[in-house]
Amino acid sequence: MKNIKEMLSELTYEVALGQLSDTDEITELVFDSRKVVPGCMFVCIRGAVFDGHSKAAEAAKKGARVLVTEHDVEVPSDTDVIIVKTADTRYALAFLSAAYFDHPTKHLKTIGITGTKGKTTTTYLVKSILEMAGHRVGLIGTIEAIIGNTRIPAENTTPESYAIQEYFARMVKAGLDTVVMEVSSQGLMQHRTQGFVFDIGIFTNIEPDHIGPNEHKNFEDYMHCKGLLFKQCRIGIANGDDAHYQKVVEGHTCTLETFGFGASCDLRAEDMKLVRDGGKLGVSFKVKGLMDLAAEVATPGVFSVYNALTAIAICRHFGVSNADIQKALLSAHVKGRIEPVKVSDEFTLLIDYAHNAMALESLLKTLRAYDPGRLVCLFGCGGNRSKLRRYEMGEVSGKLADLTIITSDNPRDEEPQAIIDDIKIGMAKTTGDFVEIPDRKEAIRYAIEHGQPGDIVILAGKGHEDYQEIKGKKYPMDERVLIADILKEMGRTFA
């Protein structure tokens, strides 16, 4: 049971119906009308498709003790429900959730990371470094939430505020002391991260993305929403090299630090060198400014340096030693983010989530810098999605890869061959060589069997996903498992 007035204490509200005493309590907090139970508080959320206010009367009939609304609603006259009216019920839900779960962030150090790219990799890097230094760290992100040994697959990059607070409470109960989480612009726009203040907020970078119906109306709005994090944290750490950095942090209320390659950045990377050791790709660099150490990461490209700098900037505030940082950076890998899989001593194979033209172009240019014997790109495109993405990805791979292996991704309700034919339209704008093998396992087998000394082979598009969606059903399909099966069938084994 939770005291209603205590739960509402951080909100501005009016009691629109009924009487609210100091001793009134609720049994549960819900925002899904299907979960209404007697004695609960039901928060009416207005979404893009469904408005919870339309279920107010039904909730009252089911015995809800309190309705939290943005406007007047009709309820049966024979119920004794209390109606509390506030300006924004999504905002209210975040504070109500924090109170319902007894403000778990009082017992956690909280780190929030926002940006167009790099959020996922950086969260795992930070978790790895802090755990190496003795902290017990929870994670909430695009791939999953991690609470001790429990892993919960993610539905959204940033869950609803109720789920966030529930995860926090479970982390406290499990004895964790820190949480690092991805914070999407949608999550910030919809107040999912209200109800507490982040100890550290991070901005990685920003590019035009997530603009359209039910997302952001324009790039200005996208930047504004990213910048909200710097009004909800105590220490802000931002990429000082990003062209839009000043706009994003405009109006910040936190102490601000910067990282990057620029001479004005507080934490700087200098003397960057690409590292290729056998089949392994990485980058070495020196960290200057607020810290002084030599670092190396076991993933390729300039963006890997930015991810590492972000993690280092955060871990500096936890007093992590240089030795622990160096060791963690070398050992940390993120599933499906330029993830190396050993298949040969002679060439490199990587798995990555790049599933649009912008991401694929960035990835292939990064790998090209390592001067491969050949750059081989295997990818497909999702069904029930824009054909333009297929044309663009075909053109990018045709221009930048020496060989493209066109295969299936998640065909959904479309025929894989039809999607492949669309990709070939983009390929036709280039002189790039390609083969088409609709079965993804057979396509991967082809890539491995035809790998040549010095090649870099990238399996793009699936990344961390461990399924293939066909005709409305998800079938198990993890590329790591496929590779292991192929190697076993070929009589090869690698540790």
# chains A, B, ... in the order shown; residues from 1 in each chain; ligands from 1
>>> residues_around(residues="Val302 (chain A)", least_positions_apart="2", cutoff="8 Å", atoms="only C-alpha atoms", output="list in words")
Val283, Pro300, Ser304, Val305, Tyr306 and Thr366 of chain A
>>> residues_around(residues="Gly380 (chain A)", least_positions_apart="6", cutoff="9 Å", atoms="only C-alpha atoms", output="list in words")
His355, Arg390, Met393, Ile405, Ile406, Thr407, Ser408, Asp409, Asn410, Pro411, Pro416, Ile419, Ile420, Ile423, Pro438, Arg440, Ala460, Gly461 and Lys462 of chain A
>>> write_last_selection(atoms="N, CA and C atoms", output="PDB file, in the first residue's frame")
ATOM      1  N   HIS A 355      22.167  -1.505 -40.507  1.00  0.00           N
ATOM      2  CA  HIS A 355      21.013  -1.952 -41.297  1.00  0.00           C
ATOM      3  C   HIS A 355      20.362  -0.802 -42.070  1.00  0.00           C
ATOM      4  N   ARG A 390      16.703  -0.316 -49.498  1.00  0.00           N
ATOM      5  CA  ARG A 390      17.334  -1.421 -50.236  1.00  0.00           C
ATOM      6  C   ARG A 390      18.198  -0.884 -51.377  1.00  0.00           C
ATOM      7  N   MET A 393      21.320   0.839 -49.777  1.00  0.00           N
ATOM      8  CA  MET A 393      22.308  -0.096 -49.220  1.00  0.00           C
ATOM      9  C   MET A 393      23.018  -0.858 -50.326  1.00  0.00           C
ATOM     10  N   ILE A 405      27.779  -9.973 -50.911  1.00  0.00           N
ATOM     11  CA  ILE A 405      26.984 -11.199 -50.877  1.00  0.00           C
ATOM     12  C   ILE A 405      25.590 -10.794 -50.421  1.00  0.00           C
ATOM     13  N   ILE A 406      24.649 -10.796 -51.349  1.00  0.00           N
ATOM     14  CA  ILE A 406      23.282 -10.359 -51.045  1.00  0.00           C
ATOM     15  C   ILE A 406      22.485 -11.566 -50.559  1.00  0.00           C
ATOM     16  N   THR A 407      21.857 -11.405 -49.401  1.00  0.00           N
ATOM     17  CA  THR A 407      21.138 -12.532 -48.808  1.00  0.00           C
ATOM     18  C   THR A 407      19.862 -12.029 -48.149  1.00  0.00           C
ATOM     19  N   SER A 408      19.309 -12.822 -47.245  1.00  0.00           N
ATOM     20  CA  SER A 408      18.056 -12.486 -46.583  1.00  0.00           C
ATOM     21  C   SER A 408      18.314 -11.935 -45.195  1.00  0.00           C
ATOM     22  N   ASP A 409      17.456 -11.031 -44.756  1.00  0.00           N
ATOM     23  CA  ASP A 409      17.513 -10.485 -43.394  1.00  0.00           C
ATOM     24  C   ASP A 409      16.246 -10.956 -42.677  1.00  0.00           C
ATOM     25  N   ASN A 410      15.328 -10.050 -42.383  1.00  0.00           N
ATOM     26  CA  ASN A 410      14.003 -10.414 -41.872  1.00  0.00           C
ATOM     27  C   ASN A 410      12.996 -10.157 -42.996  1.00  0.00           C
ATOM     28  N   PRO A 411      12.680 -11.153 -43.819  1.00  0.00           N
ATOM     29  CA  PRO A 411      11.807 -10.890 -44.965  1.00  0.00           C
ATOM     30  C   PRO A 411      10.372 -10.545 -44.584  1.00  0.00           C
ATOM     31  N   PRO A 416      11.918 -13.285 -50.014  1.00  0.00           N
ATOM     32  CA  PRO A 416      13.331 -12.886 -49.972  1.00  0.00           C
ATOM     33  C   PRO A 416      13.897 -12.494 -51.331  1.00  0.00           C
ATOM     34  N   ILE A 419      13.112  -8.925 -52.332  1.00  0.00           N
ATOM     35  CA  ILE A 419      13.940  -7.953 -51.622  1.00  0.00           C
ATOM     36  C   ILE A 419      15.337  -7.908 -52.236  1.00  0.00           C
ATOM     37  N   ILE A 420      15.881  -9.077 -52.537  1.00  0.00           N
ATOM     38  CA  ILE A 420      17.198  -9.151 -53.186  1.00  0.00           C
ATOM     39  C   ILE A 420      17.185  -8.417 -54.520  1.00  0.00           C
ATOM     40  N   ILE A 423      17.552  -4.775 -53.912  1.00  0.00           N
ATOM     41  CA  ILE A 423      18.939  -4.426 -53.566  1.00  0.00           C
ATOM     42  C   ILE A 423      19.788  -4.343 -54.836  1.00  0.00           C
ATOM     43  N   PRO A 438      20.056 -16.446 -51.219  1.00  0.00           N
ATOM     44  CA  PRO A 438      18.948 -16.092 -50.327  1.00  0.00           C
ATOM     45  C   PRO A 438      19.027 -16.704 -48.931  1.00  0.00           C
ATOM     46  N   ARG A 440      20.528 -17.378 -45.590  1.00  0.00           N
ATOM     47  CA  ARG A 440      21.594 -16.639 -44.902  1.00  0.00           C
ATOM     48  C   ARG A 440      22.712 -17.566 -44.430  1.00  0.00           C
ATOM     49  N   ALA A 460      26.523  -7.897 -42.088  1.00  0.00           N
ATOM     50  CA  ALA A 460      25.823  -6.684 -41.645  1.00  0.00           C
ATOM     51  C   ALA A 460      24.318  -6.916 -41.534  1.00  0.00           C
ATOM     52  N   GLY A 461      23.719  -6.165 -40.606  1.00  0.00           N
ATOM     53  CA  GLY A 461      22.265  -6.103 -40.554  1.00  0.00           C
ATOM     54  C   GLY A 461      21.603  -6.791 -39.386  1.00  0.00           C
ATOM     55  N   LYS A 462      22.111  -7.964 -38.979  1.00  0.00           N
ATOM     56  CA  LYS A 462      21.462  -8.703 -37.888  1.00  0.00           C
ATOM     57  C   LYS A 462      22.031  -8.312 -36.529  1.00  0.00           C
TER      58      LYS A 462
END
>>> closest_residue(among="A:Ile456, A:Val37, A:Ile146, A:Ile338", to="Arg374 (chain A)", atoms="only C-alpha atoms")
A:Ile456
>>> closest_residue(among="A:Glu449, A:Asp102, A:Glu131, A:Asp352", to="Gln165 (chain A)", atoms="only C-alpha atoms")
A:Asp102
>>> residues_around(residues="Arg276 (chain A)", least_positions_apart="4", cutoff="10 Å", atoms="only C-alpha atoms", output="ChimeraX atom specification")
/A:280-283,298,300,370-371
>>> write_last_selection(atoms="C-alpha atoms", output="compact mmCIF listing (two decimals), in the first residue's frame")
# COMPACT_ATOMS: atom_id res chain seq x y z
CA LYS A 280 42.17 -8.58 -35.01
CA LEU A 281 41.38 -4.94 -35.74
CA GLY A 282 41.73 -2.12 -33.25
CA VAL A 283 42.95 1.39 -32.49
CA ALA A 298 39.91 -4.06 -29.82
CA PRO A 300 38.23 -0.58 -35.41
CA TYR A 370 42.67 -1.14 -42.61
CA ASP A 371 43.73 -1.85 -46.20
>>> select_by_dssp(residues="region 92-270 of chain A", states="helix (DSSP H, G or I)", output="tab-separated table (two decimals) with N, CA and C atoms, in the first residue's frame")
chain	number	residue	atom	x	y	z
A	92	ALA	N	3.81	13.00	-15.07
A	92	ALA	CA	3.35	12.57	-13.75
A	92	ALA	C	3.69	11.12	-13.49
A	93	LEU	N	3.52	10.26	-14.49
A	93	LEU	CA	3.79	8.83	-14.31
A	93	LEU	C	5.24	8.60	-13.86
A	94	ALA	N	6.18	9.37	-14.40
A	94	ALA	CA	7.59	9.19	-14.03
A	94	ALA	C	7.80	9.45	-12.54
A	95	PHE	N	7.21	10.53	-12.02
A	95	PHE	CA	7.37	10.85	-10.60
A	95	PHE	C	6.58	9.88	-9.72
A	96	LEU	N	5.40	9.50	-10.17
A	96	LEU	CA	4.59	8.54	-9.42
A	96	LEU	C	5.29	7.19	-9.34
A	97	SER	N	5.93	6.79	-10.46
A	97	SER	CA	6.65	5.51	-10.49
A	97	SER	C	7.83	5.54	-9.53
A	98	ALA	N	8.58	6.64	-9.53
A	98	ALA	CA	9.72	6.76	-8.62
A	98	ALA	C	9.26	6.64	-7.17
A	99	ALA	N	8.15	7.30	-6.84
A	99	ALA	CA	7.63	7.23	-5.47
A	99	ALA	C	7.10	5.84	-5.15
A	100	TYR	N	6.42	5.23	-6.11
A	100	TYR	CA	5.83	3.89	-5.90
A	100	TYR	C	6.90	2.86	-5.56
A	104	PRO	N	14.33	4.41	-5.84
A	104	PRO	CA	15.52	3.55	-5.81
A	104	PRO	C	16.81	4.24	-6.20
A	105	THR	N	16.74	5.35	-6.96
A	105	THR	CA	17.98	6.01	-7.38
A	105	THR	C	18.70	6.67	-6.21
A	106	LYS	N	18.06	6.75	-5.05
A	106	LYS	CA	18.78	7.24	-3.86
A	106	LYS	C	19.90	6.27	-3.48
A	107	HIS	N	19.80	5.05	-3.97
A	107	HIS	CA	20.77	4.01	-3.62
A	107	HIS	C	21.65	3.60	-4.81
A	119	LYS	N	25.61	4.83	-28.32
A	119	LYS	CA	25.01	4.62	-26.99
A	119	LYS	C	25.20	3.19	-26.51
A	120	THR	N	24.88	2.23	-27.37
A	120	THR	CA	24.92	0.83	-26.95
A	120	THR	C	26.33	0.40	-26.58
A	121	THR	N	27.28	0.65	-27.48
A	121	THR	CA	28.66	0.25	-27.23
A	121	THR	C	29.20	0.89	-25.96
A	122	THR	N	28.90	2.17	-25.79
A	122	THR	CA	29.45	2.88	-24.63
A	122	THR	C	28.87	2.35	-23.32
A	123	THR	N	27.59	2.00	-23.30
A	123	THR	CA	27.01	1.48	-22.06
A	123	THR	C	27.74	0.20	-21.63
A	124	TYR	N	28.02	-0.67	-22.59
A	124	TYR	CA	28.71	-1.92	-22.26
A	124	TYR	C	30.17	-1.66	-21.86
A	125	LEU	N	30.82	-0.70	-22.51
A	125	LEU	CA	32.18	-0.35	-22.12
A	125	LEU	C	32.23	0.15	-20.68
A	126	VAL	N	31.31	1.05	-20.36
A	126	VAL	CA	31.26	1.60	-19.00
A	126	VAL	C	31.00	0.49	-17.99
A	127	LYS	N	30.06	-0.39	-18.30
A	127	LYS	CA	29.76	-1.51	-17.39
A	127	LYS	C	31.00	-2.36	-17.18
A	128	SER	N	31.72	-2.66	-18.26
A	128	SER	CA	32.90	-3.50	-18.17
A	128	SER	C	33.99	-2.86	-17.32
A	129	ILE	N	34.24	-1.58	-17.54
A	129	ILE	CA	35.30	-0.89	-16.79
A	129	ILE	C	34.96	-0.78	-15.31
A	130	LEU	N	33.72	-0.37	-15.03
A	130	LEU	CA	33.34	-0.20	-13.62
A	130	LEU	C	33.31	-1.52	-12.87
A	131	GLU	N	32.91	-2.59	-13.53
A	131	GLU	CA	32.91	-3.89	-12.88
A	131	GLU	C	34.33	-4.37	-12.62
A	132	MET	N	35.23	-4.06	-13.53
A	132	MET	CA	36.63	-4.43	-13.32
A	132	MET	C	37.20	-3.69	-12.12
A	161	SER	N	8.65	4.94	-18.04
A	161	SER	CA	9.18	5.35	-16.74
A	161	SER	C	8.88	4.34	-15.64
A	162	TYR	N	7.72	3.70	-15.68
A	162	TYR	CA	7.37	2.70	-14.67
A	162	TYR	C	8.37	1.54	-14.73
A	163	ALA	N	8.66	1.06	-15.95
A	163	ALA	CA	9.60	-0.05	-16.11
A	163	ALA	C	11.01	0.35	-15.66
A	164	ILE	N	11.41	1.58	-15.97
A	164	ILE	CA	12.73	2.05	-15.54
A	164	ILE	C	12.85	2.00	-14.02
A	165	GLN	N	11.85	2.54	-13.33
A	165	GLN	CA	11.90	2.55	-11.88
A	165	GLN	C	11.81	1.14	-11.29
A	166	GLU	N	11.05	0.28	-11.94
A	166	GLU	CA	10.97	-1.11	-11.50
A	166	GLU	C	12.33	-1.80	-11.64
A	167	TYR	N	13.00	-1.55	-12.78
A	167	TYR	CA	14.35	-2.10	-12.97
A	167	TYR	C	15.31	-1.57	-11.90
A	168	PHE	N	15.24	-0.26	-11.65
A	168	PHE	CA	16.10	0.33	-10.63
A	168	PHE	C	15.87	-0.35	-9.28
A	169	ALA	N	14.60	-0.54	-8.92
A	169	ALA	CA	14.28	-1.17	-7.63
A	169	ALA	C	14.83	-2.59	-7.56
A	170	ARG	N	14.74	-3.31	-8.67
A	170	ARG	CA	15.28	-4.68	-8.70
A	170	ARG	C	16.80	-4.66	-8.58
A	171	MET	N	17.42	-3.64	-9.18
A	171	MET	CA	18.88	-3.52	-9.07
A	171	MET	C	19.31	-3.27	-7.63
A	172	VAL	N	18.59	-2.40	-6.94
A	172	VAL	CA	18.90	-2.13	-5.54
A	172	VAL	C	18.75	-3.40	-4.72
A	173	LYS	N	17.66	-4.12	-4.95
A	173	LYS	CA	17.41	-5.37	-4.22
A	173	LYS	C	18.50	-6.40	-4.50
A	185	SER	N	16.06	9.96	-27.59
A	185	SER	CA	15.38	11.26	-27.69
A	185	SER	C	13.89	11.09	-27.44
A	186	GLN	N	13.31	9.96	-27.87
A	186	GLN	CA	11.90	9.68	-27.62
A	186	GLN	C	11.66	9.55	-26.11
A	187	GLY	N	12.59	8.87	-25.43
A	187	GLY	CA	12.46	8.71	-24.00
A	187	GLY	C	12.49	10.04	-23.27
A	188	LEU	N	13.37	10.94	-23.72
A	188	LEU	CA	13.44	12.27	-23.12
A	188	LEU	C	12.20	13.09	-23.45
A	189	MET	N	11.77	13.03	-24.71
A	189	MET	CA	10.60	13.78	-25.15
A	189	MET	C	9.35	13.35	-24.37
A	219	PHE	N	14.88	18.46	-37.33
A	219	PHE	CA	16.18	18.27	-36.68
A	219	PHE	C	16.31	19.15	-35.44
A	220	GLU	N	15.75	20.34	-35.49
A	220	GLU	CA	15.80	21.24	-34.33
A	220	GLU	C	15.13	20.59	-33.13
A	221	ASP	N	13.99	19.96	-33.37
A	221	ASP	CA	13.28	19.29	-32.28
A	221	ASP	C	14.09	18.11	-31.75
A	222	TYR	N	14.71	17.39	-32.67
A	222	TYR	CA	15.55	16.24	-32.29
A	222	TYR	C	16.70	16.70	-31.38
A	223	MET	N	17.37	17.80	-31.76
A	223	MET	CA	18.46	18.33	-30.95
A	223	MET	C	17.95	18.81	-29.58
A	224	HIS	N	16.80	19.47	-29.61
A	224	HIS	CA	16.23	19.97	-28.35
A	224	HIS	C	15.97	18.82	-27.38
A	225	CYS	N	15.40	17.73	-27.89
A	225	CYS	CA	15.07	16.60	-27.02
A	225	CYS	C	16.34	15.93	-26.48
A	226	LYS	N	17.36	15.80	-27.32
A	226	LYS	CA	18.63	15.26	-26.82
A	226	LYS	C	19.18	16.14	-25.70
A	227	GLY	N	19.06	17.45	-25.87
A	227	GLY	CA	19.59	18.39	-24.90
A	227	GLY	C	18.88	18.39	-23.56
A	228	LEU	N	17.68	17.81	-23.51
A	228	LEU	CA	16.95	17.77	-22.23
A	228	LEU	C	17.72	17.01	-21.16
A	229	LEU	N	18.58	16.09	-21.58
A	229	LEU	CA	19.36	15.32	-20.62
A	229	LEU	C	20.24	16.23	-19.77
A	230	PHE	N	20.70	17.33	-20.36
A	230	PHE	CA	21.62	18.23	-19.65
A	230	PHE	C	20.88	19.18	-18.70
A	231	LYS	N	19.58	19.00	-18.60
A	231	LYS	CA	18.78	19.68	-17.58
A	231	LYS	C	18.26	18.67	-16.55
A	245	TYR	N	27.22	20.40	-31.00
A	245	TYR	CA	27.40	20.27	-29.55
A	245	TYR	C	26.86	21.48	-28.77
A	246	GLN	N	27.21	22.68	-29.21
A	246	GLN	CA	26.79	23.88	-28.49
A	246	GLN	C	25.28	24.02	-28.45
A	247	LYS	N	24.63	23.66	-29.55
A	247	LYS	CA	23.17	23.75	-29.61
A	247	LYS	C	22.53	22.73	-28.68
A	248	VAL	N	23.09	21.53	-28.63
A	248	VAL	CA	22.52	20.47	-27.80
A	248	VAL	C	22.60	20.82	-26.31
>>> closest_residue(among="A:Glu479, A:Glu155, A:Asp402, A:Asp455", to="Gly279 (chain A)", atoms="only C-alpha atoms")
A:Asp455
>>> select_by_dssp(residues="region 258-400 of chain A", states="strand (DSSP E or B)", output="JSON, numbers by chain")
{"A": [258, 259, 260, 267, 268, 269, 270, 271, 272, 273, 274, 275, 276, 277, 280, 281, 282, 283, 284, 285, 286, 287, 288, 289, 293, 294, 295, 296, 297, 339, 340, 348, 349, 350, 351, 352, 375, 376, 377, 378, 379]}
>>> write_last_selection(atoms="N, CA and C atoms", output="compact mmCIF listing (two decimals), in the first residue's frame")
# COMPACT_ATOMS: atom_id res chain seq x y z
N THR A 258 33.92 18.25 -21.68
CA THR A 258 33.91 17.81 -23.08
C THR A 258 35.01 16.78 -23.33
N PHE A 259 34.79 15.99 -24.37
CA PHE A 259 35.80 15.03 -24.82
C PHE A 259 35.87 15.08 -26.34
N GLY A 260 36.96 14.59 -26.90
CA GLY A 260 37.10 14.55 -28.36
C GLY A 260 38.55 14.63 -28.77
N LEU A 267 38.99 16.33 -22.23
CA LEU A 267 39.60 15.01 -22.31
C LEU A 267 39.84 14.72 -23.78
N ARG A 268 41.11 14.52 -24.17
CA ARG A 268 41.45 14.47 -25.60
C ARG A 268 42.12 13.15 -25.98
N ALA A 269 41.85 12.74 -27.23
CA ALA A 269 42.59 11.62 -27.81
C ALA A 269 43.63 12.20 -28.77
N GLU A 270 44.85 11.70 -28.64
CA GLU A 270 45.95 12.14 -29.51
C GLU A 270 46.70 10.93 -30.04
N ASP A 271 47.42 11.14 -31.13
CA ASP A 271 48.34 10.13 -31.67
C ASP A 271 47.61 8.80 -31.95
N MET A 272 46.47 8.88 -32.63
CA MET A 272 45.69 7.68 -32.94
C MET A 272 46.38 6.84 -34.01
N LYS A 273 46.43 5.52 -33.81
CA LYS A 273 47.01 4.61 -34.80
C LYS A 273 46.10 3.39 -34.96
N LEU A 274 45.90 2.98 -36.21
CA LEU A 274 45.13 1.76 -36.48
C LEU A 274 45.99 0.56 -36.14
N VAL A 275 45.35 -0.45 -35.54
CA VAL A 275 46.07 -1.66 -35.14
C VAL A 275 45.46 -2.86 -35.85
N ARG A 276 46.31 -3.60 -36.57
CA ARG A 276 45.87 -4.85 -37.17
C ARG A 276 46.86 -5.94 -36.80
N ASP A 277 46.38 -6.87 -35.98
CA ASP A 277 47.23 -7.94 -35.48
C ASP A 277 46.60 -9.27 -35.85
N LYS A 280 42.76 -9.55 -35.93
CA LYS A 280 42.17 -8.58 -35.01
C LYS A 280 42.37 -7.15 -35.51
N LEU A 281 41.33 -6.34 -35.35
CA LEU A 281 41.38 -4.94 -35.74
C LEU A 281 41.15 -4.07 -34.52
N GLY A 282 41.91 -3.00 -34.38
CA GLY A 282 41.73 -2.12 -33.25
C GLY A 282 42.32 -0.75 -33.49
N VAL A 283 42.40 0.04 -32.43
CA VAL A 283 42.95 1.39 -32.49
C VAL A 283 43.71 1.66 -31.19
N SER A 284 44.86 2.27 -31.30
CA SER A 284 45.58 2.73 -30.12
C SER A 284 45.62 4.26 -30.14
N PHE A 285 45.68 4.87 -28.96
CA PHE A 285 45.72 6.33 -28.86
C PHE A 285 46.19 6.72 -27.47
N LYS A 286 46.49 7.99 -27.31
CA LYS A 286 46.88 8.53 -26.00
C LYS A 286 45.77 9.44 -25.50
N VAL A 287 45.51 9.36 -24.21
CA VAL A 287 44.50 10.20 -23.58
C VAL A 287 45.20 11.33 -22.84
N LYS A 288 44.81 12.56 -23.14
CA LYS A 288 45.44 13.73 -22.53
C LYS A 288 44.37 14.65 -21.94
N GLY A 289 44.82 15.65 -21.20
CA GLY A 289 43.89 16.60 -20.59
C GLY A 289 43.58 16.20 -19.17
N LEU A 293 47.00 8.73 -20.13
CA LEU A 293 47.26 7.30 -20.24
C LEU A 293 47.29 6.88 -21.70
N ALA A 294 47.94 5.75 -21.96
CA ALA A 294 47.92 5.13 -23.28
C ALA A 294 46.78 4.13 -23.30
N ALA A 295 46.00 4.11 -24.38
CA ALA A 295 44.84 3.22 -24.46
C ALA A 295 44.80 2.51 -25.80
N GLU A 296 44.14 1.36 -25.79
CA GLU A 296 43.90 0.61 -27.02
C GLU A 296 42.55 -0.08 -26.91
N VAL A 297 41.79 -0.07 -28.00
CA VAL A 297 40.50 -0.77 -28.05
C VAL A 297 40.57 -1.83 -29.14
N GLU A 339 31.51 -6.95 -33.93
CA GLU A 339 31.89 -8.08 -33.08
C GLU A 339 32.74 -9.09 -33.86
N PRO A 340 33.98 -9.32 -33.45
CA PRO A 340 34.83 -10.27 -34.17
C PRO A 340 34.46 -11.72 -33.82
N THR A 348 39.67 -11.81 -41.42
CA THR A 348 38.86 -11.32 -40.31
C THR A 348 37.39 -11.39 -40.65
N LEU A 349 36.59 -11.89 -39.71
CA LEU A 349 35.13 -11.87 -39.89
C LEU A 349 34.50 -11.11 -38.73
N LEU A 350 33.58 -10.19 -39.05
CA LEU A 350 32.93 -9.34 -38.06
C LEU A 350 31.42 -9.38 -38.25
N ILE A 351 30.69 -9.22 -37.15
CA ILE A 351 29.23 -9.11 -37.18
C ILE A 351 28.86 -7.71 -36.72
N ASP A 352 27.95 -7.04 -37.46
CA ASP A 352 27.54 -5.69 -37.07
C ASP A 352 26.07 -5.47 -37.40
N LEU A 375 37.51 -6.34 -49.21
CA LEU A 375 36.45 -6.02 -48.26
C LEU A 375 35.17 -6.68 -48.77
N VAL A 376 34.67 -7.65 -48.00
CA VAL A 376 33.50 -8.44 -48.41
C VAL A 376 32.34 -8.08 -47.50
N CYS A 377 31.23 -7.70 -48.08
CA CYS A 377 30.05 -7.28 -47.32
C CYS A 377 28.88 -8.19 -47.60
N LEU A 378 28.39 -8.86 -46.57
CA LEU A 378 27.20 -9.71 -46.66
C LEU A 378 26.05 -9.01 -45.96
N PHE A 379 24.94 -8.82 -46.64
CA PHE A 379 23.78 -8.18 -46.00
C PHE A 379 22.50 -8.50 -46.76
>>> closest_residue(among="A:Leu176, A:Gln194, A:Ile152, A:Ser33", to="Arg90 (chain A)", atoms="only C-alpha atoms")
A:Gln194
>>> atom_distance(atom1="CA of Val36 (chain A)", atom2="CA of Ala64 (chain A)")
6.7 Å
>>> closest_residue(among="A:Thr493, A:Lys365, A:Glu10, A:Tyr446", to="Gly195 (chain A)", atoms="only C-alpha atoms")
A:Glu10
>>> closest_residue(among="A:Pro38, A:Asp88, A:His53, A:Gly398", to="Thr12 (chain A)", atoms="only C-alpha atoms")
A:Asp88
>>> residues_around(residues="Phe203 (chain A)", least_positions_apart="4", cutoff="7 Å", atoms="only C-alpha atoms", output="PyMOL selection string")
chain A and resi 113-115+237-239
>>> atom_distance(atom1="CA of Asp478 (chain A)", atom2="CA of Glu465 (chain A)")
6.8 Å
>>> decode(residues="region 84-102 of chain A", atoms="C-alpha atoms", output="PDB file, in the first residue's frame")
ATOM      1  CA  VAL A  84      -6.493  13.981  -9.865  1.00  0.00           C
ATOM      2  CA  LYS A  85      -5.848  16.342 -12.766  1.00  0.00           C
ATOM      3  CA  THR A  86      -2.324  17.363 -13.853  1.00  0.00           C
ATOM      4  CA  ALA A  87      -0.835  19.051 -16.915  1.00  0.00           C
ATOM      5  CA  ASP A  88       0.977  16.023 -18.376  1.00  0.00           C
ATOM      6  CA  THR A  89       0.240  12.472 -17.276  1.00  0.00           C
ATOM      7  CA  ARG A  90       3.409  11.033 -18.851  1.00  0.00           C
ATOM      8  CA  TYR A  91       5.451  13.449 -16.789  1.00  0.00           C
ATOM      9  CA  ALA A  92       3.349  12.573 -13.755  1.00  0.00           C
ATOM     10  CA  LEU A  93       3.794   8.829 -14.314  1.00  0.00           C
ATOM     11  CA  ALA A  94       7.586   9.191 -14.032  1.00  0.00           C
ATOM     12  CA  PHE A  95       7.366  10.853 -10.598  1.00  0.00           C
ATOM     13  CA  LEU A  96       4.590   8.540  -9.422  1.00  0.00           C
ATOM     14  CA  SER A  97       6.649   5.515 -10.487  1.00  0.00           C
ATOM     15  CA  ALA A  98       9.716   6.758  -8.623  1.00  0.00           C
ATOM     16  CA  ALA A  99       7.630   7.235  -5.472  1.00  0.00           C
ATOM     17  CA  TYR A 100       5.828   3.894  -5.901  1.00  0.00           C
ATOM     18  CA  PHE A 101       9.170   2.056  -5.957  1.00  0.00           C
ATOM     19  CA  ASP A 102      10.521   4.108  -3.013  1.00  0.00           C
TER      20      ASP A 102
END
